[in-house]
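> One structure follows; several queries about it will come next.
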Amino acid sequence: MNSIQDELFMQRCLQLAQQGAGQVAPNPMVGAVLVHQGRIIGEGYHRRYGQAHAEVECVQQVAEADRPLIPQATMYVSLEPCAHYGKTPPCADLIVAQQIPRVVIGCMDTFSAVSGKGIEKLQRAGVEVSVGMLERASRELNRRFFTFHEKQRPYIILKWAQCPAGFMATLNGEPVRLSNPYSDRLVHRWRSEEMAILVGTRTALTDNPRLTNRLWTGRSPLRLVIDRELGTPRHYHLWDGTVPTWFFTEKATGSDGATETMQVDFRQPLLPQLMQRLYERNISSVLVEGGAYVLQRFIEAGLWDEARVINGSNMLAEGQKAPVLPRALLIDETTLEGDRVLYYRNQH
């Protein structure tokens, strides 16, 4: 099979994998396609954490009439098949058992339990393995997963809205709407795609936010609140128990249903402590929604991977200045009924 066809079928793997966004973390998004003489006979993707991996679903989707073709087919998979027992059995064993003679892989899995072991297991069984087809796109798709395992911290996305003058809030802290309803829906979609969402004390106290996904399909993220004095009133939404919520505080009181308080040392640098706690609890991505002080602390620490800035059309004559991003690379820009949404990457 030629490289053009290989690229085409790997593109299909990536399309399939993307459908698992927001459902499979902390696992990676993976898509798989089984091809016989240029025809797809099976395809699948990892749909939800704890459920079947892409390779398993791909093989299961092969029609009964096509099953004799499996030992003559090529499997395309966007990430190296696993070689260890986790929530499910090793996918490399399935490929060997199905006698699939050739496997084309988007990129290696750098997770220590897999890294190279799946490829090695396939090759030992006589499977022809090709690695690196659309490698950059495959890594980009799972940038949260790779950051988590390679840097041992969650993938950090900063988000805020600002007016054309660069203000993101009023001086007295009163809530103000800077973006339109279309941008609001987009923000809720972002929430559905990340494992957790984080705010600081001032945002918790002044906005009484829900931090849930109400305007898009999918789950709501874990809520994280930095609240040194644990002063968020108990009748506020963040204490409502509808979504798992963690308060980082000096006054930890333990667990109360879906709400947990975690004691941290505010006399020491706070963000490294948070990153360590989140890594230990398998939280692979965090959307930081504010406020300005918290966002600035992440920026000063260089502790961010993406930033998404909504430039709304509503004007503030004065107010609290929005953060400024150093070493930021603008990678995309969209417009939603007058709101400009800018996407940045940290060039660290």
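By order of appearance in the structure tokens: chains A, B, ..., then residues from 1 within every chain, and ligands from 1 in the order shown.
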Where does stretch 230-302 of chain A meet stretch 309-315 of chain A within 12 Å, residue by residue, with the nearest atom pair and distance in Å to one decimal for each, counting only C-alpha atoms, listed by chain and rising number, as JSON lines?


```
{"residue": "A:Val288", "atom": "CA", "partner": "A:Val309", "partner_atom": "CA", "distance": 11.7}
{"residue": "A:Glu289", "atom": "CA", "partner": "A:Val309", "partner_atom": "CA", "distance": 10.6}
{"residue": "A:Gly290", "atom": "CA", "partner": "A:Val309", "partner_atom": "CA", "distance": 11.9}
{"residue": "A:Leu295", "atom": "CA", "partner": "A:Val309", "partner_atom": "CA", "distance": 11.8}
```

> Would you output that residue set with N, CA, C and O atoms, as a compact mmCIF listing (two decimals), in the first residue's frame?


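The resulting out.txt:
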```
# COMPACT_ATOMS: atom_id res chain seq x y z
N VAL A 288 -8.13 27.19 33.26
CA VAL A 288 -8.04 28.23 34.28
C VAL A 288 -8.89 29.42 33.84
O VAL A 288 -8.55 30.10 32.88
N GLU A 289 -9.98 29.66 34.57
CA GLU A 289 -10.91 30.71 34.16
C GLU A 289 -10.74 32.01 34.96
O GLU A 289 -11.48 32.96 34.75
N GLY A 290 -9.80 32.06 35.87
CA GLY A 290 -9.59 33.35 36.53
C GLY A 290 -9.64 33.27 38.03
O GLY A 290 -9.67 32.20 38.61
N LEU A 295 -4.68 34.08 36.98
CA LEU A 295 -4.14 33.97 35.62
C LEU A 295 -2.72 34.51 35.55
O LEU A 295 -1.83 33.89 34.94
```

> Using only C-alpha atoms, determine which residues lie at most 12 Å from A:Val294, disregarding the query and same-chain residues fewer than 3 positions distant; provide the list as a PyMOL selection string.

chain A and resi 158-160+198-204+225-227+270-271+287-291+297-301+303-304+322-323

> Could you give me, as JSON lines, a per-residue list for stretch 86-152 of chain A showing, wherever an atom lies at most 10 Å from an atom of stretch 54-76 of chain A, the closest pair of atoms and their distance in Å to one decimal, using only C-alpha atoms and sorting by chain then residue number from low to high?


```
{"residue": "A:Thr88", "atom": "CA", "partner": "A:Val56", "partner_atom": "CA", "distance": 9.7}
{"residue": "A:Pro89", "atom": "CA", "partner": "A:Val56", "partner_atom": "CA", "distance": 9.6}
{"residue": "A:Pro90", "atom": "CA", "partner": "A:Val56", "partner_atom": "CA", "distance": 9.7}
{"residue": "A:Cys91", "atom": "CA", "partner": "A:Glu55", "partner_atom": "CA", "distance": 6.4}
{"residue": "A:Ala92", "atom": "CA", "partner": "A:Glu55", "partner_atom": "CA", "distance": 8.8}
{"residue": "A:Leu94", "atom": "CA", "partner": "A:Val56", "partner_atom": "CA", "distance": 7.4}
{"residue": "A:Ile95", "atom": "CA", "partner": "A:Glu55", "partner_atom": "CA", "distance": 7.9}
{"residue": "A:Val96", "atom": "CA", "partner": "A:Pro71", "partner_atom": "CA", "distance": 9.7}
{"residue": "A:Ala97", "atom": "CA", "partner": "A:Pro71", "partner_atom": "CA", "distance": 9.7}
{"residue": "A:Gln98", "atom": "CA", "partner": "A:Pro71", "partner_atom": "CA", "distance": 6.6}
{"residue": "A:Gln99", "atom": "CA", "partner": "A:Pro71", "partner_atom": "CA", "distance": 5.0}
{"residue": "A:Ile100", "atom": "CA", "partner": "A:Pro71", "partner_atom": "CA", "distance": 4.7}
{"residue": "A:Pro101", "atom": "CA", "partner": "A:Pro71", "partner_atom": "CA", "distance": 6.3}
{"residue": "A:Arg102", "atom": "CA", "partner": "A:Thr74", "partner_atom": "CA", "distance": 4.9}
{"residue": "A:Val103", "atom": "CA", "partner": "A:Met75", "partner_atom": "CA", "distance": 4.8}
{"residue": "A:Val104", "atom": "CA", "partner": "A:Tyr76", "partner_atom": "CA", "distance": 4.8}
{"residue": "A:Ile105", "atom": "CA", "partner": "A:Tyr76", "partner_atom": "CA", "distance": 6.0}
{"residue": "A:Gly106", "atom": "CA", "partner": "A:Tyr76", "partner_atom": "CA", "distance": 7.9}
{"residue": "A:Glu128", "atom": "CA", "partner": "A:Thr74", "partner_atom": "CA", "distance": 9.4}
{"residue": "A:Val129", "atom": "CA", "partner": "A:Met75", "partner_atom": "CA", "distance": 9.8}
{"residue": "A:Ser130", "atom": "CA", "partner": "A:Tyr76", "partner_atom": "CA", "distance": 9.5}
{"residue": "A:Met133", "atom": "CA", "partner": "A:Tyr76", "partner_atom": "CA", "distance": 9.4}
```

> With 7 Å as the cut-off and only C-alpha atoms counted, what is the closest atom pair between each nearby residue of stretch 143-198 of chain A and stretch 16-34 of chain A? Distances in Å to one decimal, ordered by chain and number, as CSV.


```
residue,atom,partner,partner_atom,distance
A:Phe145,CA,A:Pro28,CA,5.8
A:Ser192,CA,A:Gly22,CA,5.8
A:Glu193,CA,A:Gly22,CA,3.9
A:Glu194,CA,A:Gly22,CA,6.0
A:Met195,CA,A:Ala25,CA,7.0
```

> Could you tell me which of A:Arg210, A:His149, A:His46, A:Arg12 comes closest to A:Asn282 if we count only C-alpha atoms?

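Ranking A:Arg210, A:His149, A:His46, A:Arg12 by distance to A:Asn282, first place goes to A:His149.
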